[in-house]
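Data file: start.txt. Format and content: compact mmCIF, C-alpha atoms.
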```txt
# COMPACT_ATOMS: atom_id res chain seq x y z
CA MET B 17 28.77 5.50 25.67
CA THR B 18 26.71 2.37 26.18
CA GLY B 19 23.27 2.65 24.64
CA TYR B 20 20.37 0.71 23.20
CA LEU B 21 18.55 -0.04 20.01
CA CYS B 22 14.92 -0.68 20.99
CA LEU B 23 12.36 -2.06 18.56
CA GLU B 24 8.62 -1.56 18.53
CA ASN B 25 7.99 -5.24 19.33
CA GLY B 26 9.83 -4.96 22.65
CA THR B 27 13.21 -6.34 21.55
CA SER B 28 16.35 -4.41 22.52
CA PHE B 29 20.05 -4.60 21.63
CA LYS B 30 22.97 -3.17 23.57
CA GLY B 31 25.99 -1.44 22.01
CA GLU B 32 28.06 1.73 21.81
CA VAL B 33 26.01 4.79 20.86
CA ILE B 34 27.44 8.02 19.43
CA MET B 35 24.94 10.86 19.17
CA ASP B 36 25.01 14.59 19.81
CA GLU B 37 21.65 14.74 21.60
CA ASP B 38 20.45 12.99 24.73
CA ASP B 39 16.92 12.56 23.39
CA PRO B 40 16.07 9.24 21.70
CA ILE B 41 16.15 9.08 17.90
CA GLN B 42 13.15 7.32 16.34
CA GLY B 43 12.69 6.01 12.80
CA GLU B 44 11.58 3.00 10.81
CA ILE B 45 14.25 0.31 11.01
CA VAL B 46 15.34 -1.33 7.73
CA PHE B 47 18.42 -3.25 6.63
CA PHE B 48 20.92 -3.32 3.77
CA THR B 49 22.79 -6.51 2.89
CA GLY B 50 25.54 -5.21 0.58
CA MET B 51 29.22 -5.45 1.43
CA THR B 52 29.83 -2.02 -0.12
CA GLY B 53 27.74 0.99 -1.10
CA TYR B 54 27.18 2.48 2.36
CA GLN B 55 27.82 6.01 1.08
CA GLU B 56 25.13 5.70 -1.59
CA VAL B 57 22.69 4.19 0.92
CA LEU B 58 23.22 6.95 3.48
CA THR B 59 22.46 9.67 0.90
CA ASP B 60 19.65 7.90 -1.01
CA PRO B 61 16.44 9.94 -0.50
CA SER B 62 14.45 6.69 -0.43
CA TYR B 63 15.94 6.07 3.05
CA LYS B 64 14.64 9.38 4.43
CA ASP B 65 14.07 9.20 8.21
CA GLN B 66 14.93 5.49 8.41
CA ILE B 67 17.39 3.76 10.73
CA VAL B 68 19.57 1.55 8.52
CA VAL B 69 21.12 -1.68 9.76
CA PHE B 70 24.18 -2.76 7.75
CA THR B 71 24.45 -6.55 7.89
CA TYR B 72 28.05 -6.81 6.66
CA PRO B 73 30.33 -6.95 9.75
CA LEU B 74 32.73 -4.17 8.70
CA ILE B 75 31.37 -0.89 7.32
CA GLY B 76 33.52 2.10 6.37
CA GLN B 77 36.71 0.37 5.23
CA TYR B 78 37.14 2.56 2.10
CA GLY B 79 36.02 5.82 3.67
CA VAL B 80 33.82 8.47 2.07
CA ASN B 81 34.59 10.31 -1.17
CA GLU B 82 33.13 13.32 -2.99
CA ASP B 83 31.76 11.43 -6.04
CA ASP B 84 29.43 8.72 -4.73
CA PHE B 85 26.74 10.78 -3.03
CA GLU B 86 23.15 10.27 -4.22
CA SER B 87 22.02 13.59 -2.74
CA GLY B 88 23.57 16.60 -1.03
CA GLN B 89 23.42 15.19 2.51
CA PRO B 90 22.67 12.03 4.51
CA GLN B 91 18.97 11.14 4.50
CA VAL B 92 18.95 8.42 7.14
CA LYS B 93 17.85 8.98 10.73
CA GLY B 94 20.49 6.66 12.21
CA VAL B 95 22.98 3.88 11.44
CA ILE B 96 23.51 0.48 13.11
CA MET B 97 26.78 -1.45 12.51
CA LEU B 98 28.76 -4.25 14.08
CA SER B 99 31.99 -2.32 13.59
CA THR B 100 33.52 0.57 11.66
CA PRO B 101 37.31 1.02 11.35
CA ASP B 102 39.33 4.04 12.46
CA LEU B 103 41.56 3.62 9.41
CA TYR B 104 40.26 3.60 5.83
CA SER B 105 41.94 3.11 2.48
CA HIS B 106 40.88 4.39 -0.95
CA TYR B 107 42.57 6.84 -3.31
CA GLN B 108 39.42 9.01 -3.57
CA ALA B 109 38.52 9.01 0.11
CA THR B 110 38.46 12.32 1.97
CA LEU B 111 36.80 11.33 5.26
CA SER B 112 36.28 8.32 7.45
CA LEU B 113 32.71 7.08 7.78
CA GLU B 114 32.72 8.09 11.46
CA ASP B 115 33.89 11.63 10.62
CA TYR B 116 31.21 11.90 7.95
CA LEU B 117 28.46 10.85 10.37
CA HIS B 118 29.84 13.26 13.00
CA LYS B 119 29.87 16.08 10.43
CA TRP B 120 26.17 15.66 9.71
CA LYS B 121 25.23 14.74 13.31
CA ILE B 122 23.82 11.36 12.30
CA PRO B 123 23.52 9.06 15.36
CA TYR B 124 25.16 5.67 14.96
CA MET B 125 25.67 2.55 17.00
CA THR B 126 28.38 -0.14 16.91
CA GLY B 127 28.95 -3.41 18.70
CA VAL B 128 25.53 -4.73 17.65
CA ASP B 129 24.96 -8.18 16.18
CA THR B 130 23.35 -6.71 13.07
CA ARG B 131 22.42 -10.06 11.56
CA GLU B 132 20.48 -10.91 14.69
CA VAL B 133 18.65 -7.58 14.34
CA VAL B 134 17.73 -8.51 10.76
CA LYS B 135 16.35 -11.87 11.92
CA VAL B 136 14.01 -10.00 14.23
CA ILE B 137 12.92 -7.70 11.39
CA ARG B 138 12.35 -10.64 9.06
CA ASP B 139 10.21 -12.38 11.65
CA GLY B 140 8.24 -9.38 12.88
CA GLY B 141 8.36 -7.09 9.85
CA SER B 142 9.58 -3.54 9.39
CA GLN B 143 8.79 -1.42 12.44
CA ASN B 144 9.81 1.68 14.31
CA ALA B 145 12.94 1.72 16.46
CA CYS B 146 14.75 4.04 18.87
CA ILE B 147 18.46 4.73 19.39
CA SER B 148 19.06 6.07 22.88
CA TYR B 149 21.30 5.96 25.94
CA SER B 150 18.60 4.17 27.92
CA LYS B 151 15.92 1.62 27.06
CA VAL B 152 13.27 3.72 25.34
CA PHE B 153 10.78 1.98 23.07
CA PRO B 154 9.32 3.78 20.06
CA GLU B 155 5.77 4.82 19.40
CA LYS B 156 3.92 2.71 16.83
CA GLU B 157 2.84 5.65 14.70
CA LYS B 158 3.32 5.49 10.94
CA LEU B 159 5.91 7.99 9.73
CA THR B 160 4.65 10.15 6.85
CA GLY B 161 5.64 13.16 4.77
CA GLN B 162 9.09 11.97 3.70
CA ILE B 163 8.56 12.75 -0.01
CA GLU B 164 7.91 16.42 0.71
CA LYS B 165 11.17 16.57 2.66
CA VAL B 166 13.42 15.24 -0.13
CA ALA B 167 11.91 16.50 -3.40
CA LEU B 168 13.21 19.66 -5.05
CA SER B 169 11.28 22.88 -4.59
CA HIS B 170 12.12 24.21 -8.05
CA ILE B 171 12.79 23.00 -11.60
CA HIS B 172 16.37 22.02 -12.39
CA GLN B 173 17.79 21.59 -15.92
CA LEU B 174 20.92 19.66 -16.89
CA GLY B 175 22.70 18.54 -20.05
CA SER B 176 22.30 19.46 -23.69
CA GLY B 177 21.41 16.21 -25.46
CA SER B 178 19.17 15.77 -28.48
CA LYS B 179 16.33 14.15 -26.53
CA HIS B 180 14.53 15.99 -23.74
CA ILE B 181 13.56 13.92 -20.68
CA ALA B 182 11.48 15.20 -17.77
CA VAL B 183 12.14 13.53 -14.41
CA VAL B 184 9.34 13.92 -11.89
CA ASP B 185 11.13 14.19 -8.56
CA PHE B 186 9.75 12.24 -5.61
CA GLY B 187 13.25 11.91 -4.12
CA VAL B 188 15.35 11.19 -7.20
CA LYS B 189 18.85 9.71 -6.88
CA LYS B 190 21.68 11.57 -8.60
CA SER B 191 22.71 8.43 -10.46
CA ILE B 192 19.33 8.14 -12.22
CA VAL B 193 19.80 11.60 -13.68
CA SER B 194 23.43 10.75 -14.55
CA SER B 195 22.29 7.61 -16.38
CA LEU B 196 19.96 9.70 -18.55
CA LEU B 197 22.61 12.33 -19.25
CA GLU B 198 24.98 9.62 -20.46
CA MET B 199 22.47 8.72 -23.20
CA ASP B 200 22.61 12.07 -25.02
CA CYS B 201 19.61 13.41 -23.11
CA ARG B 202 18.75 16.85 -21.84
CA VAL B 203 17.11 16.43 -18.43
CA THR B 204 14.62 18.66 -16.65
CA VAL B 205 13.90 17.65 -13.05
CA ILE B 206 10.41 18.74 -11.98
CA PRO B 207 9.15 18.68 -8.37
CA PHE B 208 6.18 16.30 -8.04
CA HIS B 209 3.91 19.17 -6.95
CA GLN B 210 4.61 21.15 -10.14
CA LEU B 211 3.34 18.65 -12.73
CA GLU B 212 1.55 21.43 -14.58
CA GLN B 213 4.99 22.64 -15.69
CA LEU B 214 5.11 19.69 -18.09
CA ASP B 215 2.63 21.55 -20.29
CA GLN B 216 5.25 24.23 -20.88
CA LEU B 217 7.97 21.77 -21.91
CA ASN B 218 8.37 19.88 -25.15
CA VAL B 219 9.63 16.59 -23.73
CA ASP B 220 10.32 13.31 -25.53
CA GLY B 221 10.07 11.10 -22.45
CA LEU B 222 9.03 11.05 -18.82
CA VAL B 223 10.69 9.36 -15.83
CA LEU B 224 8.90 8.95 -12.50
CA SER B 225 11.63 8.72 -9.88
CA ASN B 226 12.25 6.68 -6.78
CA GLY B 227 11.34 8.11 -3.40
CA PRO B 228 10.55 7.28 0.25
CA GLY B 229 7.36 6.24 1.97
CA ASP B 230 3.92 5.03 0.97
CA PRO B 231 2.99 5.70 -2.69
CA LYS B 232 -0.63 6.31 -1.65
CA GLU B 233 0.49 9.55 -0.01
CA MET B 234 0.59 10.86 -3.61
CA ILE B 235 -3.05 9.99 -4.31
CA HIS B 236 -3.91 13.65 -4.94
CA TYR B 237 -1.55 13.70 -7.94
CA LEU B 238 -2.68 10.44 -9.58
CA PRO B 239 -5.22 11.91 -12.07
CA GLU B 240 -2.66 14.32 -13.47
CA LEU B 241 0.03 11.62 -13.53
CA LYS B 242 -2.34 9.36 -15.46
CA GLU B 243 -2.93 12.03 -18.07
CA LYS B 244 0.80 12.59 -18.56
CA ILE B 245 1.95 8.96 -18.69
CA LEU B 246 -0.70 8.12 -21.29
CA GLU B 247 0.59 10.98 -23.46
CA ILE B 248 4.37 10.63 -23.08
CA PRO B 249 6.67 7.56 -23.21
CA THR B 250 7.27 6.84 -19.53
CA LEU B 251 9.70 4.93 -17.32
CA GLY B 252 8.88 4.42 -13.63
CA ILE B 253 11.55 3.44 -11.09
CA CYS B 254 10.72 2.01 -7.64
CA LEU B 255 8.18 4.50 -6.19
CA GLY B 256 7.60 5.69 -9.78
CA HIS B 257 6.69 2.12 -10.74
CA GLN B 258 4.12 1.96 -7.94
CA LEU B 259 2.66 5.33 -8.95
CA ILE B 260 2.18 4.19 -12.55
CA ALA B 261 0.16 1.22 -11.28
CA LEU B 262 -1.93 3.38 -8.93
CA SER B 263 -2.51 6.02 -11.62
CA LEU B 264 -3.95 3.47 -14.04
CA GLY B 265 -6.22 1.83 -11.46
CA GLY B 266 -3.97 -0.75 -9.78
CA ASP B 267 -3.23 -1.15 -6.09
CA THR B 268 -0.21 -1.53 -3.82
CA ASP B 269 0.43 -3.58 -0.68
CA ARG B 270 3.03 -3.32 2.06
CA LEU B 271 5.59 -6.12 2.26
CA LEU B 272 6.41 -7.67 5.63
CA PHE B 273 10.00 -6.45 5.70
CA GLY B 274 10.63 -5.07 2.21
CA HIS B 275 13.34 -5.83 -0.29
CA ARG B 276 16.73 -4.36 0.63
CA GLY B 277 20.20 -4.92 -0.71
CA ALA B 278 22.04 -5.58 -3.96
CA ASN B 279 21.43 -9.26 -4.69
CA HIS B 280 17.77 -9.80 -5.62
CA PRO B 281 17.21 -12.12 -8.62
CA VAL B 282 14.55 -10.95 -11.08
CA MET B 283 13.16 -12.73 -14.15
CA ASP B 284 12.13 -10.98 -17.35
CA ASN B 285 8.86 -12.57 -18.52
CA GLN B 286 9.60 -11.47 -22.07
CA THR B 287 12.92 -13.32 -22.42
CA GLY B 288 12.97 -15.77 -19.50
CA GLU B 289 16.36 -14.39 -18.45
CA VAL B 290 17.25 -13.85 -14.77
CA PHE B 291 19.44 -10.98 -13.60
CA ILE B 292 20.57 -9.60 -10.23
CA THR B 293 19.17 -6.29 -9.03
CA SER B 294 19.59 -3.67 -6.34
CA GLN B 295 16.40 -2.89 -4.38
CA ASN B 296 15.07 -0.69 -1.62
CA HIS B 297 11.30 -0.68 -1.07
CA ASN B 298 8.56 -1.54 1.41
CA TYR B 299 5.61 -1.55 -0.99
CA VAL B 300 4.73 -3.74 -3.95
CA VAL B 301 2.16 -3.63 -6.75
CA ASN B 302 -0.65 -6.14 -6.34
CA LYS B 303 -0.77 -8.41 -9.43
CA GLU B 304 -4.50 -9.11 -9.12
CA SER B 305 -5.25 -5.37 -9.21
CA LEU B 306 -3.95 -4.95 -12.78
CA ILE B 307 -7.15 -6.16 -14.49
CA ASP B 308 -8.52 -3.41 -16.80
CA THR B 309 -5.46 -1.18 -16.24
CA GLY B 310 -3.79 -1.98 -19.57
CA LEU B 311 -0.70 -3.00 -17.62
CA GLN B 312 0.82 -6.48 -17.57
CA PRO B 313 3.62 -8.03 -15.47
CA ARG B 314 7.04 -7.81 -17.11
CA PHE B 315 9.42 -8.65 -14.26
CA ILE B 316 8.99 -11.09 -11.34
CA ASN B 317 11.07 -11.54 -8.18
CA VAL B 318 12.53 -15.06 -8.24
CA ASN B 319 12.68 -15.35 -4.45
CA ASP B 320 9.09 -14.56 -3.50
CA GLY B 321 7.19 -14.20 -6.79
CA SER B 322 6.32 -10.55 -6.17
CA LEU B 323 5.86 -8.12 -9.03
CA GLU B 324 9.06 -6.32 -10.08
CA GLY B 325 7.98 -4.41 -13.16
CA LEU B 326 5.22 -3.61 -15.65
CA GLU B 327 4.69 -2.74 -19.27
CA HIS B 328 1.60 -1.39 -20.98
CA LYS B 329 -0.10 -3.48 -23.65
CA ASN B 330 -0.22 -0.70 -26.26
CA LYS B 331 1.45 2.37 -24.76
CA PRO B 332 5.19 3.10 -24.36
CA ILE B 333 5.06 2.68 -20.56
CA LEU B 334 7.65 0.59 -18.69
CA SER B 335 8.23 0.36 -14.95
CA VAL B 336 10.67 -1.41 -12.65
CA GLN B 337 10.57 -1.97 -8.89
CA PHE B 338 14.36 -2.41 -8.78
CA HIS B 339 17.09 0.18 -9.43
CA PRO B 340 18.60 -0.02 -12.95
CA GLU B 341 21.10 2.73 -12.11
CA ALA B 342 22.69 0.20 -9.74
CA ARG B 343 24.29 2.48 -7.21
CA PRO B 344 25.06 0.55 -5.14
CA GLY B 345 24.75 -2.86 -6.74
CA PRO B 346 25.25 -4.86 -9.95
CA GLU B 347 24.77 -3.29 -13.37
CA ASP B 348 22.77 -6.21 -14.80
CA ALA B 349 19.66 -4.04 -15.29
CA SER B 350 21.26 -0.91 -16.79
CA TRP B 351 19.78 -1.89 -20.18
CA ILE B 352 16.41 -0.67 -18.90
CA PHE B 353 17.53 2.90 -19.64
CA GLN B 354 18.50 1.92 -23.17
CA GLN B 355 15.12 0.30 -23.78
CA PHE B 356 13.39 3.45 -22.56
CA TYR B 357 15.63 5.56 -24.80
CA GLN B 358 14.78 3.43 -27.82
CA SER B 359 11.06 3.86 -27.11
CA ILE B 360 11.38 7.64 -27.45
CA LYS B 361 13.55 7.40 -30.59
CA GLN B 362 11.28 4.99 -32.45
CA PRO B 363 10.06 6.57 -35.73
CA GLY B 364 6.32 7.05 -35.94
CA ARG B 365 5.73 6.17 -32.27
CA GLU B 366 3.09 8.90 -32.04
CA LYS B 367 0.88 7.06 -34.53
CA MET B 368 1.78 3.61 -33.19
CA TYR B 369 0.65 4.41 -29.66
CA ALA B 370 -2.26 6.73 -30.49
```

Let's see the structure in the file written out as structure tokens.
Amino acid sequence: MTGYLCLENGTSFKGEVIMDEDDPIQGEIVFFTGMTGYQEVLTDPSYKDQIVVFTYPLIGQYGVNEDDFESGQPQVKGVIMLSTPDLYSHYQATLSLEDYLHKWKIPYMTGVDTREVVKVIRDGGSQNACISYSKVFPEKEKLTGQIEKVALSHIHQLGSGSKHIAVVDFGVKKSIVSSLLEMDCRVTVIPFHQLEQLDQLNVDGLVLSNGPGDPKEMIHYLPELKEKILEIPTLGICLGHQLIALSLGGDTDRLLFGHRGANHPVMDNQTGEVFITSQNHNYVVNKESLIDTGLQPRFINVNDGSLEGLEHKNKPILSVQFHPEARPGPEDASWIFQQFYQSIKQPGREKMYA
């Protein structure tokens, strides 16, 4: 049926809406610029309760398979596309994208000039939007509580490697855990609200995961996070990167429209090399806030100069705003996991970083 995508700033777009309910669906509208990777995006917990606009004109051409999920179900609130094919082709595919969205009752809309939608977002910033059968504009309230919806409620252990890594779950992607398991690691995933469990575990390293929403919603946990990351070699990814900065006294700001997609160039201050990264975030660490934190910029976004990663001056702490697991996206930054692994293997590191 004919329906509408209505944005908070009063802009509306007409298209074909498929949804099981008559009531409008509201969420923060964001975009993804990759040609592929829609399955990973739909199931990435960092997209919890967001309406995702896919800018590539054809989405769904290789269907949906059983291997490329980042969580057990779709996390998005809705999907906006120009077109999605009835036929798909891939040897692993088991469902069409349309059938998958129908299965999970995810509203979606086609026939929309998605690149025009993105222009509006880039001009006016990320904002709430509604998908509905009539012109209904969203409320301007800030959506909160997404982390609690996607994090595990119990500890989960995987693998049997020689090094033991604890992953603090704020909405962790499956591929982050898989990347650690591939490095001869035993992984224990700990819900963010059970940090005290770390005292019972003899871990060699700590990973603070990605996740949705505003990092300052986790302010209650910052003192305990600070204690742990100063004791244990730590890697922070996306939201985890922001939480490391906040824990040690830094600050975060909200970007106008965030960094989305799989083609963001980042420079390593240590080597001067530039590599392409996959990103999905609304918030960024404020460079000026790092004074007296012990943290220093390690990675910088080439496009806008924003901070893309940190390292501590004398502690084994590394953080990245981008996604080194690269699902979806290029694998240019996968070496970040190896660098973290080397930091926990280094002989005498306990004395070195005391």

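Around Val33 in chain B, within 9 Å and counting all atoms listed in the file, the residues found are Met17, Thr18, Gly19, Tyr20, Leu21, Lys30, Pro123, Tyr124, Met125, Thr126, Gly127, Ile147, Ser148 and Tyr149 of chain B, once anything fewer than 3 positions away on its own chain is removed.
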
Using all atoms listed in the file, find each residue of range 136-192 of chain B with at least one atom at most 8 Å away from an atom of range 226-242 of chain B; report its shortest atom-to-atom pair and that distance in Å (one decimal), sort the rows by chain and rising residue number, and return the result as a tab-separated table.
```
residue	atom	partner	partner_atom	distance
B:Thr160	CA	B:Gly229	CA	6.8
B:Gly161	CA	B:Gly229	CA	7.7
B:Gln162	CA	B:Pro228	CA	6.0
B:Ile163	CA	B:Pro228	CA	5.8
B:Asp185	CA	B:Asn226	CA	7.8
B:Phe186	CA	B:Gly227	CA	4.9
B:Gly187	CA	B:Gly227	CA	4.3
B:Val188	CA	B:Asn226	CA	5.5
B:Lys189	CA	B:Asn226	CA	7.3
```

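Every protein or nucleic acid residue with an atom no more than 10 Å from range 265-269 of chain B, counting only C-alpha atoms and leaving out same-chain residues fewer than 3 positions away, appears here: Asp230, Pro231, Lys232, Leu238, Lys242, Gln258, Leu259, Ile260, Ala261, Leu262, Leu272, Asn298, Tyr299, Val300, Val301, Asn302, Lys303, Glu304, Ser305, Leu306, Ile307, Asp308, Thr309, Gly310 and Leu311 of chain B.
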
Hey, could you make a per-residue contact list for range 199-249 of chain B against range 335-355 of chain B with 10 Å as the cut-off, showing the nearest pair of atoms and its distance in Å to one decimal, counting all atoms listed in the file, sorted by chain and number, as a tab-separated table?
```
residue	atom	partner	partner_atom	distance
B:Met199	CA	B:Gln354	CA	7.9
B:Val223	CA	B:Ser335	CA	9.4
B:Leu224	CA	B:Ser335	CA	9.0
B:Asn226	CA	B:His339	CA	8.5
```

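Here CA of Cys254 in chain B is placed at a distance of 16.2 Å from CA of Leu196 in chain B.
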
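Considering only C-alpha atoms, the residue among B:Phe356, B:His172, B:Leu58, B:Met97 positioned nearest to Ser195 in chain B is B:Phe356.
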
Mind giving me the axis-aligned box for range 160-173 of chain B with 3 Å on every side, centre plus edges in Å to one decimal, as JSON?
```
{"center_x": 11.2, "center_y": 17.2, "center_z": -4.5, "size_x": 19.1, "size_y": 20.1, "size_z": 28.8}
```

### Message
Please compute the CA of Leu113 in chain B-CA of Leu168 in chain B distance, one decimal, in Å.
### Response
26.5 Å

### Task
Quick one: pull the distance between CA of Val133 in chain B and CA of Val80 in chain B, Å, one decimal.
25.3 Å

### Query
Mind listing as a ChimeraX atom specification all residues within 8 Å of (24.9, 8.2, -5.5), counting only C-alpha atoms?
/B:55-57,59-60,83-87,189-191,343-344

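You can rank B:Gly274, B:Gly43, B:Gly256, B:Pro313 by their closest distance to Gln295 in chain B using only C-alpha atoms, and at the top of that list sits B:Gly274.
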
### Query
Of the residues B:Ile245, B:Cys22, B:Leu74, B:Leu117, which is the one nearest to Pro101 in chain B, using only C-alpha atoms?
B:Leu74
